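Peer 1: Structure file coords.pdb (PDB, C-alpha atoms, pLDDT in the B column) right here:
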MODEL        1
ATOM      1  CA  MET D   1      -8.621  18.591  29.165  1.00 44.00           C
ATOM      2  CA  ASP D   2      -6.903  15.472  30.477  1.00 49.00           C
ATOM      3  CA  ASP D   3      -5.887  12.508  28.312  1.00 48.00           C
ATOM      4  CA  GLU D   4      -8.730  10.279  29.522  1.00 55.00           C
ATOM      5  CA  THR D   5     -11.379  12.905  28.702  1.00 47.00           C
ATOM      6  CA  LEU D   6      -9.847  13.405  25.261  1.00 43.00           C
ATOM      7  CA  GLN D   7      -9.898   9.650  24.567  1.00 48.00           C
ATOM      8  CA  GLN D   8     -13.534   9.378  25.661  1.00 51.00           C
ATOM      9  CA  GLY D   9     -14.475  12.265  23.361  1.00 47.00           C
ATOM     10  CA  LEU D  10     -12.672  10.700  20.430  1.00 48.00           C
ATOM     11  CA  ARG D  11     -14.382   7.381  21.034  1.00 51.00           C
ATOM     12  CA  SER D  12     -17.779   9.090  20.892  1.00 55.00           C
ATOM     13  CA  PHE D  13     -16.956  10.835  17.574  1.00 55.00           C
ATOM     14  CA  PRO D  14     -18.167   8.622  14.717  1.00 58.00           C
ATOM     15  CA  GLY D  15     -15.409   9.853  12.389  1.00 64.00           C
ATOM     16  CA  LEU D  16     -15.534  10.648   8.706  1.00 72.00           C
ATOM     17  CA  ALA D  17     -15.306   8.143   5.879  1.00 80.00           C
ATOM     18  CA  HIS D  18     -11.799   6.663   6.018  1.00 76.00           C
ATOM     19  CA  ARG D  19     -10.718   8.963   8.889  1.00 84.00           C
ATOM     20  CA  MET D  20     -11.370   7.555  12.362  1.00 93.00           C
ATOM     21  CA  GLU D  21     -14.561   6.010  10.958  1.00 96.00           C
ATOM     22  CA  GLN D  22     -16.284   3.712  13.423  1.00 95.00           C
ATOM     23  CA  ILE D  23     -17.456   0.632  11.561  1.00 96.00           C
ATOM     24  CA  GLY D  24     -19.010  -1.206  14.481  1.00 96.00           C
ATOM     25  CA  LYS D  25     -18.398  -3.312  17.562  1.00 96.00           C
ATOM     26  CA  GLN D  26     -18.151  -7.015  18.130  1.00 94.00           C
ATOM     27  CA  GLY D  27     -18.471  -7.540  21.856  1.00 94.00           C
ATOM     28  CA  GLU D  28     -15.884  -5.217  23.407  1.00 95.00           C
ATOM     29  CA  VAL D  29     -13.931  -4.797  20.156  1.00 97.00           C
ATOM     30  CA  LEU D  30     -14.364  -1.628  18.110  1.00 97.00           C
ATOM     31  CA  PHE D  31     -13.425  -1.561  14.398  1.00 98.00           C
ATOM     32  CA  ILE D  32     -11.983   1.744  13.115  1.00 97.00           C
ATOM     33  CA  ASN D  33     -11.240   2.627   9.481  1.00 97.00           C
ATOM     34  CA  ASP D  34      -8.461   5.222   9.285  1.00 97.00           C
ATOM     35  CA  SER D  35      -7.349   4.368   5.748  1.00 96.00           C
ATOM     36  CA  LYS D  36      -6.660   8.053   5.024  1.00 96.00           C
ATOM     37  CA  ALA D  37      -3.659   7.838   7.381  1.00 96.00           C
ATOM     38  CA  THR D  38      -1.176   7.508   4.530  1.00 96.00           C
ATOM     39  CA  ASN D  39       1.897   8.528   6.557  1.00 96.00           C
ATOM     40  CA  ALA D  40       3.207   8.197  10.100  1.00 97.00           C
ATOM     41  CA  ASP D  41       2.074  11.680  11.170  1.00 97.00           C
ATOM     42  CA  SER D  42      -1.511  10.876  10.184  1.00 96.00           C
ATOM     43  CA  ALA D  43      -1.416   7.449  11.853  1.00 98.00           C
ATOM     44  CA  ALA D  44      -0.153   9.055  15.075  1.00 98.00           C
ATOM     45  CA  LYS D  45      -3.531  10.740  15.595  1.00 96.00           C
ATOM     46  CA  ALA D  46      -5.374   7.432  15.623  1.00 96.00           C
ATOM     47  CA  LEU D  47      -2.744   5.621  17.681  1.00 98.00           C
ATOM     48  CA  ALA D  48      -2.938   8.398  20.302  1.00 97.00           C
ATOM     49  CA  SER D  49      -6.719   8.002  20.536  1.00 96.00           C
ATOM     50  CA  PHE D  50      -6.975   4.405  21.729  1.00 97.00           C
ATOM     51  CA  ASP D  51      -5.471   1.746  23.962  1.00 96.00           C
ATOM     52  CA  GLY D  52      -5.584  -1.994  23.368  1.00 98.00           C
ATOM     53  CA  ILE D  53      -4.917  -1.570  19.653  1.00 98.00           C
ATOM     54  CA  TYR D  54      -4.746  -4.358  17.100  1.00 98.00           C
ATOM     55  CA  TRP D  55      -3.029  -2.262  14.456  1.00 98.00           C
ATOM     56  CA  ILE D  56      -3.223  -2.970  10.731  1.00 98.00           C
ATOM     57  CA  ALA D  57      -0.366  -1.116   9.050  1.00 98.00           C
ATOM     58  CA  GLY D  58       1.565  -1.159   5.818  1.00 98.00           C
ATOM     59  CA  GLY D  59       1.253  -0.616   2.124  1.00 97.00           C
ATOM     60  CA  LYS D  60       3.563   1.360  -0.112  1.00 96.00           C
ATOM     61  CA  PRO D  61       6.081   2.849   2.336  1.00 95.00           C
ATOM     62  CA  LYS D  62       6.854   6.512   2.686  1.00 92.00           C
ATOM     63  CA  GLU D  63      10.146   8.035   3.742  1.00 91.00           C
ATOM     64  CA  GLY D  64      10.817   7.707   7.452  1.00 91.00           C
ATOM     65  CA  GLY D  65       8.720   4.597   8.011  1.00 95.00           C
ATOM     66  CA  ILE D  66       7.141   4.283  11.455  1.00 98.00           C
ATOM     67  CA  THR D  67      10.081   5.026  13.756  1.00 97.00           C
ATOM     68  CA  SER D  68       8.434   8.337  14.747  1.00 97.00           C
ATOM     69  CA  LEU D  69       5.497   6.356  16.181  1.00 98.00           C
ATOM     70  CA  ALA D  70       7.555   4.650  18.918  1.00 98.00           C
ATOM     71  CA  GLU D  71       5.873   6.623  21.706  1.00 98.00           C
ATOM     72  CA  PHE D  72       2.582   4.917  20.770  1.00 98.00           C
ATOM     73  CA  PHE D  73       3.961   1.362  20.674  1.00 98.00           C
ATOM     74  CA  PRO D  74       2.883   0.654  24.296  1.00 98.00           C
ATOM     75  CA  ARG D  75      -0.751   1.176  23.206  1.00 98.00           C
ATOM     76  CA  ILE D  76      -0.484  -1.573  20.582  1.00 98.00           C
ATOM     77  CA  ARG D  77      -1.267  -5.138  21.632  1.00 98.00           C
ATOM     78  CA  LYS D  78      -0.282  -6.531  18.237  1.00 98.00           C
ATOM     79  CA  ALA D  79       0.416  -5.258  14.719  1.00 98.00           C
ATOM     80  CA  TYR D  80      -0.681  -6.939  11.486  1.00 98.00           C
ATOM     81  CA  LEU D  81       1.577  -5.918   8.644  1.00 98.00           C
ATOM     82  CA  ILE D  82       0.589  -5.760   4.989  1.00 98.00           C
ATOM     83  CA  GLY D  83       2.020  -4.740   1.652  1.00 97.00           C
ATOM     84  CA  GLU D  84       5.479  -3.618   0.586  1.00 97.00           C
ATOM     85  CA  ALA D  85       6.275  -2.023   3.959  1.00 97.00           C
ATOM     86  CA  ALA D  86       5.565  -5.157   5.986  1.00 98.00           C
ATOM     87  CA  GLN D  87       9.146  -6.340   6.456  1.00 98.00           C
ATOM     88  CA  ASP D  88      10.527  -2.856   7.191  1.00 97.00           C
ATOM     89  CA  PHE D  89       7.768  -2.291   9.733  1.00 98.00           C
ATOM     90  CA  ALA D  90       8.462  -5.724  11.245  1.00 98.00           C
ATOM     91  CA  ASN D  91      12.103  -4.740  11.686  1.00 98.00           C
ATOM     92  CA  THR D  92      11.082  -1.513  13.437  1.00 98.00           C
ATOM     93  CA  LEU D  93       8.630  -3.307  15.741  1.00 98.00           C
ATOM     94  CA  ALA D  94      10.944  -6.251  16.552  1.00 98.00           C
ATOM     95  CA  GLY D  95      11.359  -6.663  20.300  1.00 97.00           C
ATOM     96  CA  ARG D  96       8.947  -3.800  21.005  1.00 98.00           C
ATOM     97  CA  VAL D  97       5.515  -4.790  19.651  1.00 98.00           C
ATOM     98  CA  PRO D  98       4.205  -8.274  18.909  1.00 98.00           C
ATOM     99  CA  HIS D  99       3.508  -8.431  15.195  1.00 98.00           C
ATOM    100  CA  GLU D 100       2.656 -10.707  12.312  1.00 98.00           C
ATOM    101  CA  VAL D 101       3.384 -10.228   8.629  1.00 98.00           C
ATOM    102  CA  VAL D 102       0.053 -11.212   7.069  1.00 98.00           C
ATOM    103  CA  GLY D 103       0.460  -9.715   3.601  1.00 96.00           C
ATOM    104  CA  THR D 104      -3.081  -8.689   2.687  1.00 97.00           C
ATOM    105  CA  LEU D 105      -5.750  -6.546   4.271  1.00 98.00           C
ATOM    106  CA  ASP D 106      -8.359  -9.322   4.336  1.00 97.00           C
ATOM    107  CA  LYS D 107      -5.992 -11.616   6.239  1.00 98.00           C
ATOM    108  CA  ALA D 108      -5.055  -8.783   8.589  1.00 98.00           C
ATOM    109  CA  VAL D 109      -8.678  -7.998   9.485  1.00 98.00           C
ATOM    110  CA  ALA D 110      -9.423 -11.662  10.176  1.00 98.00           C
ATOM    111  CA  ALA D 111      -6.286 -12.151  12.297  1.00 98.00           C
ATOM    112  CA  ALA D 112      -6.778  -8.924  14.266  1.00 98.00           C
ATOM    113  CA  ALA D 113     -10.444  -9.685  14.950  1.00 98.00           C
ATOM    114  CA  ARG D 114      -9.558 -13.218  16.067  1.00 97.00           C
ATOM    115  CA  ASP D 115      -6.839 -12.038  18.459  1.00 98.00           C
ATOM    116  CA  ALA D 116      -8.905  -9.153  19.830  1.00 98.00           C
ATOM    117  CA  ALA D 117     -11.849 -11.452  20.559  1.00 96.00           C
ATOM    118  CA  ALA D 118      -9.583 -14.065  22.148  1.00 97.00           C
ATOM    119  CA  SER D 119      -8.053 -11.490  24.512  1.00 97.00           C
ATOM    120  CA  GLY D 120     -11.327 -11.094  26.396  1.00 95.00           C
ATOM    121  CA  LYS D 121     -10.506  -7.395  26.906  1.00 97.00           C
ATOM    122  CA  PRO D 122     -11.861  -4.240  25.298  1.00 97.00           C
ATOM    123  CA  GLY D 123      -9.834  -3.352  22.219  1.00 98.00           C
ATOM    124  CA  VAL D 124      -9.719  -1.661  18.852  1.00 98.00           C
ATOM    125  CA  VAL D 125      -9.017  -3.191  15.452  1.00 98.00           C
ATOM    126  CA  LEU D 126      -7.493  -0.184  13.758  1.00 98.00           C
ATOM    127  CA  LEU D 127      -6.627   0.233  10.108  1.00 98.00           C
ATOM    128  CA  SER D 128      -4.263   3.207  10.182  1.00 98.00           C
ATOM    129  CA  PRO D 129      -1.651   2.092   7.664  1.00 98.00           C
ATOM    130  CA  ALA D 130       0.937   4.899   7.765  1.00 98.00           C
ATOM    131  CA  CYS D 131       1.499   4.129   4.066  1.00 97.00           C
ATOM    132  CA  ALA D 132       0.121   4.829   0.638  1.00 95.00           C
ATOM    133  CA  SER D 133      -2.238   2.229  -0.767  1.00 94.00           C
ATOM    134  CA  PHE D 134      -0.804   1.973  -4.274  1.00 93.00           C
ATOM    135  CA  ASP D 135       0.934  -1.380  -3.829  1.00 94.00           C
ATOM    136  CA  GLN D 136      -2.382  -3.256  -3.438  1.00 94.00           C
ATOM    137  CA  PHE D 137      -5.163  -0.717  -4.056  1.00 94.00           C
ATOM    138  CA  PRO D 138      -5.756   2.181  -6.474  1.00 95.00           C
ATOM    139  CA  ASN D 139      -6.301   4.622  -3.563  1.00 96.00           C
ATOM    140  CA  PHE D 140      -7.001   4.915   0.163  1.00 95.00           C
ATOM    141  CA  GLU D 141     -10.777   4.939  -0.442  1.00 96.00           C
ATOM    142  CA  VAL D 142     -10.742   1.494  -2.058  1.00 97.00           C
ATOM    143  CA  ARG D 143      -8.493   0.218   0.755  1.00 97.00           C
ATOM    144  CA  GLY D 144     -10.864   1.683   3.354  1.00 97.00           C
ATOM    145  CA  ASN D 145     -13.902   0.224   1.634  1.00 97.00           C
ATOM    146  CA  ARG D 146     -12.261  -3.195   1.630  1.00 97.00           C
ATOM    147  CA  PHE D 147     -11.579  -2.865   5.373  1.00 98.00           C
ATOM    148  CA  ARG D 148     -15.163  -1.740   5.990  1.00 97.00           C
ATOM    149  CA  ASP D 149     -16.547  -4.706   4.025  1.00 97.00           C
ATOM    150  CA  ALA D 150     -14.286  -7.198   5.820  1.00 97.00           C
ATOM    151  CA  ALA D 151     -15.158  -5.793   9.225  1.00 97.00           C
ATOM    152  CA  LYS D 152     -18.893  -5.722   8.515  1.00 96.00           C
ATOM    153  CA  SER D 153     -18.789  -9.336   7.339  1.00 95.00           C
ATOM    154  CA  LEU D 154     -17.362 -10.275  10.747  1.00 94.00           C
ATOM    155  CA  LEU D 155     -19.898  -8.135  12.571  1.00 91.00           C
ATOM    156  CA  GLY D 156     -22.780  -9.891  10.818  1.00 80.00           C
TER     157      GLY D 156
ENDMDL
END
Go through the file and emit its structure as structure tokens.

Peer 2:
Amino acid sequence: MDDETLQQGLRSFPGLAHRMEQIGKQGEVLFINDSKATNADSAAKALASFDGIYWIAGGKPKEGGITSLAEFFPRIRKAYLIGEAAQDFANTLAGRVPHEVVGTLDKAVAAAARDAAASGKPGVVLLSPACASFDQFPNFEVRGNRFRDAAKSLLG
């Protein structure tokens, strides 16, 4: 199976709650909740599945950060960084991926949706944080629910 066929198959899979969960589309922009991606290895699966990514990442950092995700950086149009890991992730992305430290998930969803819509190209707003949620949320489910609610409010 070639890479393009794999990506098409993944796009047609609706995902599970908080794991590659398709929330909806606004124009050519797909919103994906991958809140269960609490480390870089888990986030790699989502980052490998899409191009034109507006990546929401961060939270309570885990050892190793996101340096292991460098091979996926070309797929990311812009990253929106939240939580305790935001500055460390910004340092890793500096000069390689456009990024913005936004602080909170609600701000990240709004900024990513705005930029994705303004691009005029197909894209994916992807919450795949590569971090634990405990700095701002009690668990990944609450974080994912917050993303889902924010995305759905934009989708109408």

Peer 1: Excluding same-chain residues fewer than 6 positions from D:Lys107, what lies within 10 Å of it counting all atoms listed in the file, as a PDB file with C-alpha atoms, keeping the file's coordinate frame?

Peer 2:
ATOM      1  CA  TYR D  80      -0.681  -6.939  11.486  1.00 98.00           C
ATOM      2  CA  LEU D  81       1.577  -5.918   8.644  1.00 98.00           C
ATOM      3  CA  ILE D  82       0.589  -5.760   4.989  1.00 98.00           C
ATOM      4  CA  VAL D 101       3.384 -10.228   8.629  1.00 98.00           C
ATOM      5  CA  ALA D 113     -10.444  -9.685  14.950  1.00 98.00           C
ATOM      6  CA  ALA D 150     -14.286  -7.198   5.820  1.00 97.00           C
TER       7      ALA D 150
END

Peer 1: Can you work out the spacing between atom CA of D:Ser68 and atom CA of D:Phe31 in Å, to one decimal?

Peer 2: 24.0 Å

Peer 1: Tell me which protein, DNA and RNA residues are within 7 Å of D:Leu69, counting all atoms listed in the file, leaving out same-chain ones fewer than 3 positions away, and put them as a PyMOL selection string.

Peer 2: chain D and resi 40+44+66+72-73

Peer 1: Which residues are near D:Gln87? Cut-off 12 Å, all atoms listed in the file, ignore same chain within fewer than 5 positions. Put them as a PyMOL selection string.

Peer 2: chain D and resi 57-61+65-66+80-82+92-94+99-103

Peer 1: When the PyMOL selection byres ((chain D and resi 153) around 12) is applied to the file above, which residues end up in the set, as a short mmCIF file (atom, residue, chain, number, x, y, z; two decimals) with C-alpha atoms, in the frame of the given file?

Peer 2:
data_model
loop_
_atom_site.label_atom_id
_atom_site.label_comp_id
_atom_site.auth_asym_id
_atom_site.auth_seq_id
_atom_site.Cartn_x
_atom_site.Cartn_y
_atom_site.Cartn_z
CA ILE D 23 -17.46 0.63 11.56
CA GLY D 24 -19.01 -1.21 14.48
CA LYS D 25 -18.40 -3.31 17.56
CA GLN D 26 -18.15 -7.02 18.13
CA PHE D 31 -13.42 -1.56 14.40
CA ASP D 106 -8.36 -9.32 4.34
CA VAL D 109 -8.68 -8.00 9.48
CA ALA D 110 -9.42 -11.66 10.18
CA ALA D 113 -10.44 -9.68 14.95
CA ARG D 146 -12.26 -3.20 1.63
CA PHE D 147 -11.58 -2.86 5.37
CA ARG D 148 -15.16 -1.74 5.99
CA ASP D 149 -16.55 -4.71 4.03
CA ALA D 150 -14.29 -7.20 5.82
CA ALA D 151 -15.16 -5.79 9.22
CA LYS D 152 -18.89 -5.72 8.52
CA LEU D 154 -17.36 -10.28 10.75
CA LEU D 155 -19.90 -8.14 12.57
CA GLY D 156 -22.78 -9.89 10.82
#

Peer 1: Near D:Cys131, counting all atoms listed in the file, which residues have an atom at most 12 Å away, once you skip same-chain residues fewer than 2 positions from it, shown as a PyMOL selection string?

Peer 2: chain D and resi 34-43+56-66+81-86+88-89+127-129+133-137+139-140+143

Peer 1: Next, dump the selected residues to file, keeping only C-alpha atoms, as a PDB file, keeping the file's coordinate frame.

Peer 2:
ATOM      1  CA  ASP D  34      -8.461   5.222   9.285  1.00 97.00           C
ATOM      2  CA  SER D  35      -7.349   4.368   5.748  1.00 96.00           C
ATOM      3  CA  LYS D  36      -6.660   8.053   5.024  1.00 96.00           C
ATOM      4  CA  ALA D  37      -3.659   7.838   7.381  1.00 96.00           C
ATOM      5  CA  THR D  38      -1.176   7.508   4.530  1.00 96.00           C
ATOM      6  CA  ASN D  39       1.897   8.528   6.557  1.00 96.00           C
ATOM      7  CA  ALA D  40       3.207   8.197  10.100  1.00 97.00           C
ATOM      8  CA  ASP D  41       2.074  11.680  11.170  1.00 97.00           C
ATOM      9  CA  SER D  42      -1.511  10.876  10.184  1.00 96.00           C
ATOM     10  CA  ALA D  43      -1.416   7.449  11.853  1.00 98.00           C
ATOM     11  CA  ILE D  56      -3.223  -2.970  10.731  1.00 98.00           C
ATOM     12  CA  ALA D  57      -0.366  -1.116   9.050  1.00 98.00           C
ATOM     13  CA  GLY D  58       1.565  -1.159   5.818  1.00 98.00           C
ATOM     14  CA  GLY D  59       1.253  -0.616   2.124  1.00 97.00           C
ATOM     15  CA  LYS D  60       3.563   1.360  -0.112  1.00 96.00           C
ATOM     16  CA  PRO D  61       6.081   2.849   2.336  1.00 95.00           C
ATOM     17  CA  LYS D  62       6.854   6.512   2.686  1.00 92.00           C
ATOM     18  CA  GLU D  63      10.146   8.035   3.742  1.00 91.00           C
ATOM     19  CA  GLY D  64      10.817   7.707   7.452  1.00 91.00           C
ATOM     20  CA  GLY D  65       8.720   4.597   8.011  1.00 95.00           C
ATOM     21  CA  ILE D  66       7.141   4.283  11.455  1.00 98.00           C
ATOM     22  CA  LEU D  81       1.577  -5.918   8.644  1.00 98.00           C
ATOM     23  CA  ILE D  82       0.589  -5.760   4.989  1.00 98.00           C
ATOM     24  CA  GLY D  83       2.020  -4.740   1.652  1.00 97.00           C
ATOM     25  CA  GLU D  84       5.479  -3.618   0.586  1.00 97.00           C
ATOM     26  CA  ALA D  85       6.275  -2.023   3.959  1.00 97.00           C
ATOM     27  CA  ALA D  86       5.565  -5.157   5.986  1.00 98.00           C
ATOM     28  CA  ASP D  88      10.527  -2.856   7.191  1.00 97.00           C
ATOM     29  CA  PHE D  89       7.768  -2.291   9.733  1.00 98.00           C
ATOM     30  CA  LEU D 127      -6.627   0.233  10.108  1.00 98.00           C
ATOM     31  CA  SER D 128      -4.263   3.207  10.182  1.00 98.00           C
ATOM     32  CA  PRO D 129      -1.651   2.092   7.664  1.00 98.00           C
ATOM     33  CA  SER D 133      -2.238   2.229  -0.767  1.00 94.00           C
ATOM     34  CA  PHE D 134      -0.804   1.973  -4.274  1.00 93.00           C
ATOM     35  CA  ASP D 135       0.934  -1.380  -3.829  1.00 94.00           C
ATOM     36  CA  GLN D 136      -2.382  -3.256  -3.438  1.00 94.00           C
ATOM     37  CA  PHE D 137      -5.163  -0.717  -4.056  1.00 94.00           C
ATOM     38  CA  ASN D 139      -6.301   4.622  -3.563  1.00 96.00           C
ATOM     39  CA  PHE D 140      -7.001   4.915   0.163  1.00 95.00           C
ATOM     40  CA  ARG D 143      -8.493   0.218   0.755  1.00 97.00           C
TER      41      ARG D 143
END

Peer 1: To one decimal place, how far is atom CA of D:Arg75 from atom CA of D:Asp51 in Å?

Peer 2: 4.8 Å

Peer 1: Atom CA of D:Gly144 and atom CA of D:Thr67 are how many Å apart?

Peer 2: 23.6 Å

Peer 1: My list of candidates is D:Leu126, D:Val142, D:Ala48, D:Ala79. Which is closest to D:Val97 when distances are computed with only C-alpha atoms?

Peer 2: D:Ala79

Peer 1: For D:Val125, which of D:Ser49, D:Ile32, D:Ala17, D:Gln22 is the closest residue, counting all atoms listed in the file?

Peer 2: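 Among the listed residues, the smallest separation from D:Val125 belongs to D:Ile32.
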
Peer 1: Stretch 22-32 of chain D, all listed atoms, 3 Å padding on each side: what axis-aligned box centre and edge lengths in Å to one decimal come out, as JSON?

Peer 2:
{"center_x": -15.5, "center_y": -1.9, "center_z": 17.5, "size_x": 13.0, "size_y": 17.3, "size_z": 17.8}

Peer 1: How would stretch 50-73 of chain D look with N, CA and C atoms restored, written as a PDB file, in the coordinates of the input?

Peer 2:
ATOM      1  N   PHE D  50      -6.478   5.667  21.203  1.00 97.00           N
ATOM      2  CA  PHE D  50      -6.975   4.405  21.729  1.00 97.00           C
ATOM      3  C   PHE D  50      -5.892   3.658  22.489  1.00 97.00           C
ATOM      4  N   ASP D  51      -6.336   2.738  23.315  1.00 96.00           N
ATOM      5  CA  ASP D  51      -5.471   1.746  23.962  1.00 96.00           C
ATOM      6  C   ASP D  51      -5.968   0.380  23.517  1.00 96.00           C
ATOM      7  N   GLY D  52      -5.156  -0.642  23.738  1.00 98.00           N
ATOM      8  CA  GLY D  52      -5.584  -1.994  23.368  1.00 98.00           C
ATOM      9  C   GLY D  52      -5.771  -2.136  21.879  1.00 98.00           C
ATOM     10  N   ILE D  53      -4.793  -1.642  21.109  1.00 98.00           N
ATOM     11  CA  ILE D  53      -4.917  -1.570  19.653  1.00 98.00           C
ATOM     12  C   ILE D  53      -4.393  -2.826  18.974  1.00 98.00           C
ATOM     13  N   TYR D  54      -5.162  -3.316  18.031  1.00 98.00           N
ATOM     14  CA  TYR D  54      -4.746  -4.358  17.100  1.00 98.00           C
ATOM     15  C   TYR D  54      -4.588  -3.615  15.771  1.00 98.00           C
ATOM     16  N   TRP D  55      -3.342  -3.243  15.493  1.00 98.00           N
ATOM     17  CA  TRP D  55      -3.029  -2.262  14.456  1.00 98.00           C
ATOM     18  C   TRP D  55      -2.735  -2.918  13.111  1.00 98.00           C
ATOM     19  N   ILE D  56      -3.478  -2.532  12.098  1.00 98.00           N
ATOM     20  CA  ILE D  56      -3.223  -2.970  10.731  1.00 98.00           C
ATOM     21  C   ILE D  56      -2.473  -1.840  10.038  1.00 98.00           C
ATOM     22  N   ALA D  57      -1.240  -2.146   9.625  1.00 98.00           N
ATOM     23  CA  ALA D  57      -0.366  -1.116   9.050  1.00 98.00           C
ATOM     24  C   ALA D  57       0.380  -1.679   7.854  1.00 98.00           C
ATOM     25  N   GLY D  58       0.752  -0.774   6.962  1.00 98.00           N
ATOM     26  CA  GLY D  58       1.565  -1.159   5.818  1.00 98.00           C
ATOM     27  C   GLY D  58       0.917  -0.755   4.511  1.00 98.00           C
ATOM     28  N   GLY D  59       1.644  -1.014   3.468  1.00 97.00           N
ATOM     29  CA  GLY D  59       1.253  -0.616   2.124  1.00 97.00           C
ATOM     30  C   GLY D  59       2.510  -0.193   1.402  1.00 97.00           C
ATOM     31  N   LYS D  60       2.398   0.813   0.587  1.00 96.00           N
ATOM     32  CA  LYS D  60       3.563   1.360  -0.112  1.00 96.00           C
ATOM     33  C   LYS D  60       4.232   2.349   0.843  1.00 96.00           C
ATOM     34  N   PRO D  61       5.456   2.045   1.283  1.00 95.00           N
ATOM     35  CA  PRO D  61       6.081   2.849   2.336  1.00 95.00           C
ATOM     36  C   PRO D  61       6.419   4.264   1.897  1.00 95.00           C
ATOM     37  N   LYS D  62       6.434   5.129   2.892  1.00 92.00           N
ATOM     38  CA  LYS D  62       6.854   6.512   2.686  1.00 92.00           C
ATOM     39  C   LYS D  62       8.144   6.728   3.468  1.00 92.00           C
ATOM     40  N   GLU D  63       8.872   7.740   3.100  1.00 91.00           N
ATOM     41  CA  GLU D  63      10.146   8.035   3.742  1.00 91.00           C
ATOM     42  C   GLU D  63       9.969   8.193   5.252  1.00 91.00           C
ATOM     43  N   GLY D  64      10.863   7.598   6.002  1.00 91.00           N
ATOM     44  CA  GLY D  64      10.817   7.707   7.452  1.00 91.00           C
ATOM     45  C   GLY D  64      10.151   6.536   8.137  1.00 91.00           C
ATOM     46  N   GLY D  65       9.358   5.775   7.421  1.00 95.00           N
ATOM     47  CA  GLY D  65       8.720   4.597   8.011  1.00 95.00           C
ATOM     48  C   GLY D  65       7.868   4.939   9.218  1.00 95.00           C
ATOM     49  N   ILE D  66       7.967   4.102  10.258  1.00 98.00           N
ATOM     50  CA  ILE D  66       7.141   4.283  11.455  1.00 98.00           C
ATOM     51  C   ILE D  66       7.973   4.532  12.711  1.00 98.00           C
ATOM     52  N   THR D  67       9.245   4.808  12.566  1.00 97.00           N
ATOM     53  CA  THR D  67      10.081   5.026  13.756  1.00 97.00           C
ATOM     54  C   THR D  67       9.561   6.187  14.605  1.00 97.00           C
ATOM     55  N   SER D  68       8.958   7.191  13.992  1.00 97.00           N
ATOM     56  CA  SER D  68       8.434   8.337  14.747  1.00 97.00           C
ATOM     57  C   SER D  68       7.226   7.975  15.605  1.00 97.00           C
ATOM     58  N   LEU D  69       6.679   6.787  15.425  1.00 98.00           N
ATOM     59  CA  LEU D  69       5.497   6.356  16.181  1.00 98.00           C
ATOM     60  C   LEU D  69       5.841   5.586  17.448  1.00 98.00           C
ATOM     61  N   ALA D  70       7.111   5.478  17.788  1.00 98.00           N
ATOM     62  CA  ALA D  70       7.555   4.650  18.918  1.00 98.00           C
ATOM     63  C   ALA D  70       6.859   4.995  20.233  1.00 98.00           C
ATOM     64  N   GLU D  71       6.528   6.256  20.450  1.00 98.00           N
ATOM     65  CA  GLU D  71       5.873   6.623  21.706  1.00 98.00           C
ATOM     66  C   GLU D  71       4.496   5.965  21.851  1.00 98.00           C
ATOM     67  N   PHE D  72       3.903   5.542  20.732  1.00 98.00           N
ATOM     68  CA  PHE D  72       2.582   4.917  20.770  1.00 98.00           C
ATOM     69  C   PHE D  72       2.647   3.388  20.832  1.00 98.00           C
ATOM     70  N   PHE D  73       3.831   2.819  20.676  1.00 98.00           N
ATOM     71  CA  PHE D  73       3.961   1.362  20.674  1.00 98.00           C
ATOM     72  C   PHE D  73       3.375   0.700  21.922  1.00 98.00           C
TER      73      PHE D  73
END
